[in-house]
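A.B. asks: The structure is given below, and queries will be raised subsequently.
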Amino acid sequence: MSDPLLTASQLSSLLQATRKARGLTQAALANRIGLSQSRVSHLELNAQDLSVGQLLAWCAALGLELTLGTRGSAAVSATSKTDW
């Protein structure tokens with residue numbers, strides 16, 4: 001899957017769905033990335049609170065690749081400043 005993520009809410013959904021698709025519990029993922037299960041639970045609902053390091057570790061643990069690219073001008077103008 002390579003759909004663009006434009007909001008923290010979309011990131012939350014992707015991280016949770018991927019964890020479940022990989023058959024991992026929150027506790028198992030937490031063990032892999034060095035967090036508590038309660039912190040994983042919180043971050044799945046509040047991806048805006050993830051640090052870059054946590055996000056990269058999370059992606060590695062789930063077999064995800066983080067790629068950055070330039071948005072089209074329409075997407076930039078349609079996104080509110082709070083999503084940045």
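The way I read the labels, and the way they are meant: chains A, B, ... in the order of the structure tokens, residue 1 as the first residue of every chain, and ligand 1 as the first ligand shown, with later ones counted on from there.
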List as number ranges by chain the protein and nucleic acid residues near range 1-5 of chain A, meaning an atom at most 12 Å away when only C-alpha atoms are counted, but skip any in the same chain fewer than 6 places from it.

C.D. replies: A: 11-15, 17-18, 47, 63-72, 75, 79, 83-84

A.B. asks: Run DSSP on the backbone and tell me which residues of chain A come out as alpha helix (DSSP H); list them as a ChimeraX atom specification.

C.D. replies: /A:8-21,26-33,37-45,52-62,73-78

A.B. asks: Mind dumping the selected residues with N, CA and C atoms as a compact mmCIF listing (two decimals), in the first residue's frame?

C.D. replies:
```txt
# COMPACT_ATOMS: atom_id res chain seq x y z
N ALA A 8 -2.65 13.11 10.99
CA ALA A 8 -2.23 12.21 12.08
C ALA A 8 -3.26 11.11 12.28
N SER A 9 -4.52 11.42 12.06
CA SER A 9 -5.57 10.42 12.19
C SER A 9 -5.39 9.29 11.18
N GLN A 10 -5.00 9.62 9.97
CA GLN A 10 -4.73 8.60 8.97
C GLN A 10 -3.54 7.74 9.38
N LEU A 11 -2.52 8.36 9.93
CA LEU A 11 -1.36 7.62 10.40
C LEU A 11 -1.75 6.67 11.53
N SER A 12 -2.57 7.14 12.46
CA SER A 12 -3.04 6.30 13.55
C SER A 12 -3.73 5.05 13.01
N SER A 13 -4.63 5.25 12.06
CA SER A 13 -5.38 4.14 11.48
C SER A 13 -4.45 3.15 10.77
N LEU A 14 -3.49 3.67 10.03
CA LEU A 14 -2.56 2.81 9.30
C LEU A 14 -1.70 1.99 10.26
N LEU A 15 -1.18 2.61 11.29
CA LEU A 15 -0.32 1.89 12.24
C LEU A 15 -1.10 0.79 12.95
N GLN A 16 -2.30 1.10 13.38
CA GLN A 16 -3.11 0.10 14.08
C GLN A 16 -3.52 -1.04 13.14
N ALA A 17 -3.97 -0.70 11.95
CA ALA A 17 -4.39 -1.72 10.99
C ALA A 17 -3.23 -2.63 10.59
N THR A 18 -2.06 -2.05 10.40
CA THR A 18 -0.90 -2.85 10.01
C THR A 18 -0.48 -3.77 11.15
N ARG A 19 -0.50 -3.27 12.37
CA ARG A 19 -0.15 -4.13 13.52
C ARG A 19 -1.09 -5.32 13.58
N LYS A 20 -2.36 -5.07 13.43
CA LYS A 20 -3.35 -6.16 13.49
C LYS A 20 -3.17 -7.12 12.32
N ALA A 21 -2.90 -6.60 11.13
CA ALA A 21 -2.70 -7.45 9.95
C ALA A 21 -1.48 -8.35 10.12
N GLN A 26 -0.70 -5.27 20.96
CA GLN A 26 -0.02 -4.04 21.37
C GLN A 26 1.18 -4.38 22.25
N ALA A 27 1.05 -5.37 23.10
CA ALA A 27 2.15 -5.75 24.00
C ALA A 27 3.34 -6.29 23.21
N ALA A 28 3.08 -7.09 22.19
CA ALA A 28 4.17 -7.65 21.38
C ALA A 28 4.89 -6.53 20.62
N LEU A 29 4.13 -5.60 20.05
CA LEU A 29 4.74 -4.48 19.35
C LEU A 29 5.54 -3.62 20.34
N ALA A 30 4.96 -3.36 21.49
CA ALA A 30 5.64 -2.56 22.51
C ALA A 30 6.99 -3.18 22.87
N ASN A 31 7.03 -4.48 23.00
CA ASN A 31 8.27 -5.17 23.32
C ASN A 31 9.31 -4.99 22.22
N ARG A 32 8.87 -5.01 20.97
CA ARG A 32 9.79 -4.85 19.84
C ARG A 32 10.38 -3.44 19.75
N ILE A 33 9.60 -2.44 20.15
CA ILE A 33 10.07 -1.06 19.97
C ILE A 33 10.46 -0.37 21.27
N GLN A 37 2.94 -1.19 26.72
CA GLN A 37 1.70 -1.45 25.98
C GLN A 37 0.77 -0.26 26.06
N SER A 38 0.71 0.39 27.21
CA SER A 38 -0.19 1.54 27.35
C SER A 38 0.26 2.71 26.47
N ARG A 39 1.58 2.85 26.28
CA ARG A 39 2.08 3.92 25.39
C ARG A 39 1.74 3.60 23.93
N VAL A 40 1.88 2.34 23.54
CA VAL A 40 1.49 1.94 22.18
C VAL A 40 0.00 2.22 21.97
N SER A 41 -0.82 1.88 22.95
CA SER A 41 -2.25 2.15 22.85
C SER A 41 -2.52 3.64 22.66
N HIS A 42 -1.86 4.46 23.47
CA HIS A 42 -2.03 5.91 23.36
C HIS A 42 -1.60 6.41 21.99
N LEU A 43 -0.45 5.95 21.51
CA LEU A 43 0.09 6.45 20.24
C LEU A 43 -0.73 5.98 19.04
N GLU A 44 -1.35 4.80 19.15
CA GLU A 44 -2.22 4.35 18.06
C GLU A 44 -3.41 5.28 17.91
N LEU A 45 -3.83 5.89 18.97
CA LEU A 45 -4.97 6.81 18.92
C LEU A 45 -4.54 8.25 18.73
N VAL A 52 9.86 11.23 16.00
CA VAL A 52 10.38 10.68 14.74
C VAL A 52 11.04 9.34 14.99
N GLY A 53 11.80 9.25 16.07
CA GLY A 53 12.46 7.98 16.41
C GLY A 53 11.47 6.87 16.66
N GLN A 54 10.40 7.18 17.38
CA GLN A 54 9.36 6.17 17.63
C GLN A 54 8.69 5.74 16.33
N LEU A 55 8.40 6.70 15.47
CA LEU A 55 7.76 6.37 14.20
C LEU A 55 8.65 5.47 13.35
N LEU A 56 9.94 5.79 13.28
CA LEU A 56 10.85 4.96 12.50
C LEU A 56 10.97 3.55 13.09
N ALA A 57 11.04 3.44 14.40
CA ALA A 57 11.11 2.12 15.05
C ALA A 57 9.83 1.34 14.80
N TRP A 58 8.69 2.02 14.88
CA TRP A 58 7.39 1.40 14.67
C TRP A 58 7.32 0.87 13.24
N CYS A 59 7.72 1.69 12.27
CA CYS A 59 7.72 1.27 10.87
C CYS A 59 8.61 0.05 10.66
N ALA A 60 9.80 0.07 11.24
CA ALA A 60 10.72 -1.06 11.11
C ALA A 60 10.11 -2.34 11.70
N ALA A 61 9.47 -2.22 12.85
CA ALA A 61 8.89 -3.39 13.52
C ALA A 61 7.72 -3.98 12.73
N LEU A 62 7.03 -3.14 11.95
CA LEU A 62 5.88 -3.61 11.19
C LEU A 62 6.20 -3.86 9.71
N SER A 73 0.05 20.77 -5.52
CA SER A 73 -0.37 22.06 -4.99
C SER A 73 -1.80 22.04 -4.46
N ALA A 74 -2.68 21.23 -5.04
CA ALA A 74 -4.07 21.16 -4.58
C ALA A 74 -4.14 20.58 -3.18
N ALA A 75 -3.33 19.55 -2.89
CA ALA A 75 -3.33 18.93 -1.57
C ALA A 75 -2.82 19.89 -0.52
N VAL A 76 -1.83 20.69 -0.84
CA VAL A 76 -1.26 21.63 0.11
C VAL A 76 -2.29 22.69 0.46
N SER A 77 -2.98 23.23 -0.51
CA SER A 77 -3.94 24.30 -0.22
C SER A 77 -5.18 23.77 0.51
N ALA A 78 -5.50 22.50 0.34
CA ALA A 78 -6.69 21.94 0.98
C ALA A 78 -6.45 21.50 2.42
```
